[in-house]
Amino acid sequence: MRRNLDGGEGPGGERPPSARDHIASRRALDNALAELGFAEDDDRVVEHDGRLAFLTCSHEEDCDDMFALITELSARGESWELQSRIDAEAGRAIYQSFARYRPVEAVDAVVEDEQEPETSETPVYDIETVEGLQALKRILKRIEPADAFATIRPGRDGRATARVLRRGSRRVIAAATGADESTLRGVIREILPNVMFDVAMKPPG
């Protein structure tokens, strides 16, 4: 999930990547998604701070879907919030929040890479390989989607890392890497239909 940050450019004149998350109450977003004809298993619908969110990016072709949702919510008189995370460079991110009834907020924060689960108990599977994908499927097909949730974070070398955790105990069941967040979401949702994703869209602390 990537979008451009207006007014900022990265190495080589390219704009820095960012994550974008549209948030509303569970009832409001459910109603808007149904009214606009979104599929029930749309993998862009994730869980965020106890609410539903719609995850998108301007590097993909689904930004119009996000603005359609905002338009639908506004027409219904519902509140909504738009959050962005711009990974400006290694170890640094810019977080933005824009809500219907609140001024724009922005925080430039230092972020630390999360430690990869590299123990023998939680190996990291590369879904770009046949072996890694099959191993991940074997593990995840043993669990119920309602008993787990998944997190996706930007990884090293431009890749992304996903972890599937047990609800309650937050024990890591499996971990995987992929080319980007969208690819990981699609693979995990194919194995665990309707599993919820948790995303990091707020500055640390």
# chains A, B, ... in the order shown; residues from 1 in each chain; ligands from 1
$ residues_around --residues "range 97-108 of chain A" --least-positions-apart "5" --cutoff "7 Å" --atoms "only C-alpha atoms" --output "JSON, numbers by chain"
{"A": [79, 80, 81, 82, 83, 84]}
$ write_last_selection --atoms "N, CA, C and O atoms" --output "PDB file, in the first residue's frame"
ATOM      1  N   SER A  79     -19.160  10.206  10.262  1.00  0.00           N
ATOM      2  CA  SER A  79     -17.790  10.678  10.448  1.00  0.00           C
ATOM      3  C   SER A  79     -16.823   9.701   9.799  1.00  0.00           C
ATOM      4  O   SER A  79     -17.126   8.518   9.650  1.00  0.00           O
ATOM      5  N   TRP A  80     -15.663  10.181   9.412  1.00  0.00           N
ATOM      6  CA  TRP A  80     -14.632   9.328   8.850  1.00  0.00           C
ATOM      7  C   TRP A  80     -13.267   9.938   9.141  1.00  0.00           C
ATOM      8  O   TRP A  80     -13.162  11.115   9.508  1.00  0.00           O
ATOM      9  N   GLU A  81     -12.247   9.132   9.017  1.00  0.00           N
ATOM     10  CA  GLU A  81     -10.882   9.590   9.263  1.00  0.00           C
ATOM     11  C   GLU A  81      -9.962   8.991   8.213  1.00  0.00           C
ATOM     12  O   GLU A  81     -10.111   7.827   7.826  1.00  0.00           O
ATOM     13  N   LEU A  82      -9.022   9.784   7.738  1.00  0.00           N
ATOM     14  CA  LEU A  82      -8.050   9.338   6.755  1.00  0.00           C
ATOM     15  C   LEU A  82      -6.672   9.407   7.392  1.00  0.00           C
ATOM     16  O   LEU A  82      -6.244  10.471   7.838  1.00  0.00           O
ATOM     17  N   GLN A  83      -5.998   8.271   7.489  1.00  0.00           N
ATOM     18  CA  GLN A  83      -4.660   8.221   8.075  1.00  0.00           C
ATOM     19  C   GLN A  83      -3.653   7.801   7.014  1.00  0.00           C
ATOM     20  O   GLN A  83      -3.943   6.937   6.175  1.00  0.00           O
ATOM     21  N   SER A  84      -2.468   8.404   7.066  1.00  0.00           N
ATOM     22  CA  SER A  84      -1.399   8.043   6.138  1.00  0.00           C
ATOM     23  C   SER A  84      -0.104   7.822   6.907  1.00  0.00           C
ATOM     24  O   SER A  84       0.155   8.488   7.917  1.00  0.00           O
TER      25      SER A  84
END
$ atom_distance --atom1 "CA of Met196 in chain A" --atom2 "CA of Arg76 in chain A"
25.6 Å
$ closest_residue --among "A:Thr56, A:Asp147, A:Pro123, A:Val195" --to "Gly168 in chain A" --atoms "only C-alpha atoms"
A:Asp147
$ atom_distance --atom1 "CA of Arg51 in chain A" --atom2 "CA of Ala24 in chain A"
6.7 Å
$ residues_around --residues "Pro154 in chain A" --least-positions-apart "3" --cutoff "8 Å" --atoms "only C-alpha atoms" --output "ChimeraX atom specification"
/A:158-161,180-181
$ atom_distance --atom1 "CA of Leu33 in chain A" --atom2 "CA of Ile94 in chain A"
28.6 Å
$ select_by_dssp --residues "range 28-180 of chain A" --states "alpha helix (DSSP H)" --output "PyMOL selection string"
chain A and resi 28-35+63-75+130-140
$ write_last_selection --atoms "C-alpha atoms" --output "PDB file, in the first residue's frame"
ATOM      1  CA  ALA A  28     -21.028   2.966   9.015  1.00  0.00           C
ATOM      2  CA  LEU A  29     -18.317   1.382   6.891  1.00  0.00           C
ATOM      3  CA  ASP A  30     -20.230  -1.905   6.623  1.00  0.00           C
ATOM      4  CA  ASN A  31     -23.278  -0.035   5.338  1.00  0.00           C
ATOM      5  CA  ALA A  32     -21.265   2.046   2.878  1.00  0.00           C
ATOM      6  CA  LEU A  33     -19.414  -0.999   1.525  1.00  0.00           C
ATOM      7  CA  ALA A  34     -22.694  -2.849   1.024  1.00  0.00           C
ATOM      8  CA  GLU A  35     -24.349   0.134  -0.655  1.00  0.00           C
ATOM      9  CA  CYS A  63      -7.950   5.063  -4.829  1.00  0.00           C
ATOM     10  CA  ASP A  64     -11.264   5.849  -6.538  1.00  0.00           C
ATOM     11  CA  ASP A  65     -12.825   3.180  -4.311  1.00  0.00           C
ATOM     12  CA  MET A  66     -11.598   4.979  -1.206  1.00  0.00           C
ATOM     13  CA  PHE A  67     -12.979   8.333  -2.353  1.00  0.00           C
ATOM     14  CA  ALA A  68     -16.283   6.652  -3.246  1.00  0.00           C
ATOM     15  CA  LEU A  69     -16.468   5.389   0.340  1.00  0.00           C
ATOM     16  CA  ILE A  70     -15.734   8.856   1.743  1.00  0.00           C
ATOM     17  CA  THR A  71     -18.412  10.345  -0.507  1.00  0.00           C
ATOM     18  CA  GLU A  72     -20.948   7.730   0.582  1.00  0.00           C
ATOM     19  CA  LEU A  73     -20.171   8.242   4.278  1.00  0.00           C
ATOM     20  CA  SER A  74     -20.365  12.027   3.933  1.00  0.00           C
ATOM     21  CA  ALA A  75     -23.720  11.773   2.136  1.00  0.00           C
ATOM     22  CA  VAL A 130       6.742 -22.495  -4.100  1.00  0.00           C
ATOM     23  CA  GLU A 131       8.189 -24.113  -0.970  1.00  0.00           C
ATOM     24  CA  GLY A 132       7.490 -21.100   1.247  1.00  0.00           C
ATOM     25  CA  LEU A 133       3.946 -20.674  -0.005  1.00  0.00           C
ATOM     26  CA  GLN A 134       3.089 -24.352   0.464  1.00  0.00           C
ATOM     27  CA  ALA A 135       4.578 -24.392   3.975  1.00  0.00           C
ATOM     28  CA  LEU A 136       2.543 -21.320   4.950  1.00  0.00           C
ATOM     29  CA  LYS A 137      -0.640 -22.926   3.610  1.00  0.00           C
ATOM     30  CA  ARG A 138      -0.027 -26.106   5.609  1.00  0.00           C
ATOM     31  CA  ILE A 139       0.242 -24.143   8.859  1.00  0.00           C
ATOM     32  CA  LEU A 140      -2.590 -21.685   8.333  1.00  0.00           C
TER      33      LEU A 140
END
$ residues_around --residues "Ile143 in chain A" --least-positions-apart "6" --cutoff "12 Å" --atoms "only C-alpha atoms" --output "list in words"
Leu136, Lys137, Phe149, Val164, Leu165, Arg166, Arg167, Ile173, Ala174, Ile191, Leu192, Pro193 and Val195 of chain A
$ residues_around --residues "Leu52 in chain A" --least-positions-apart "5" --cutoff "6 Å" --atoms "only C-alpha atoms" --output "count of residues only"
3
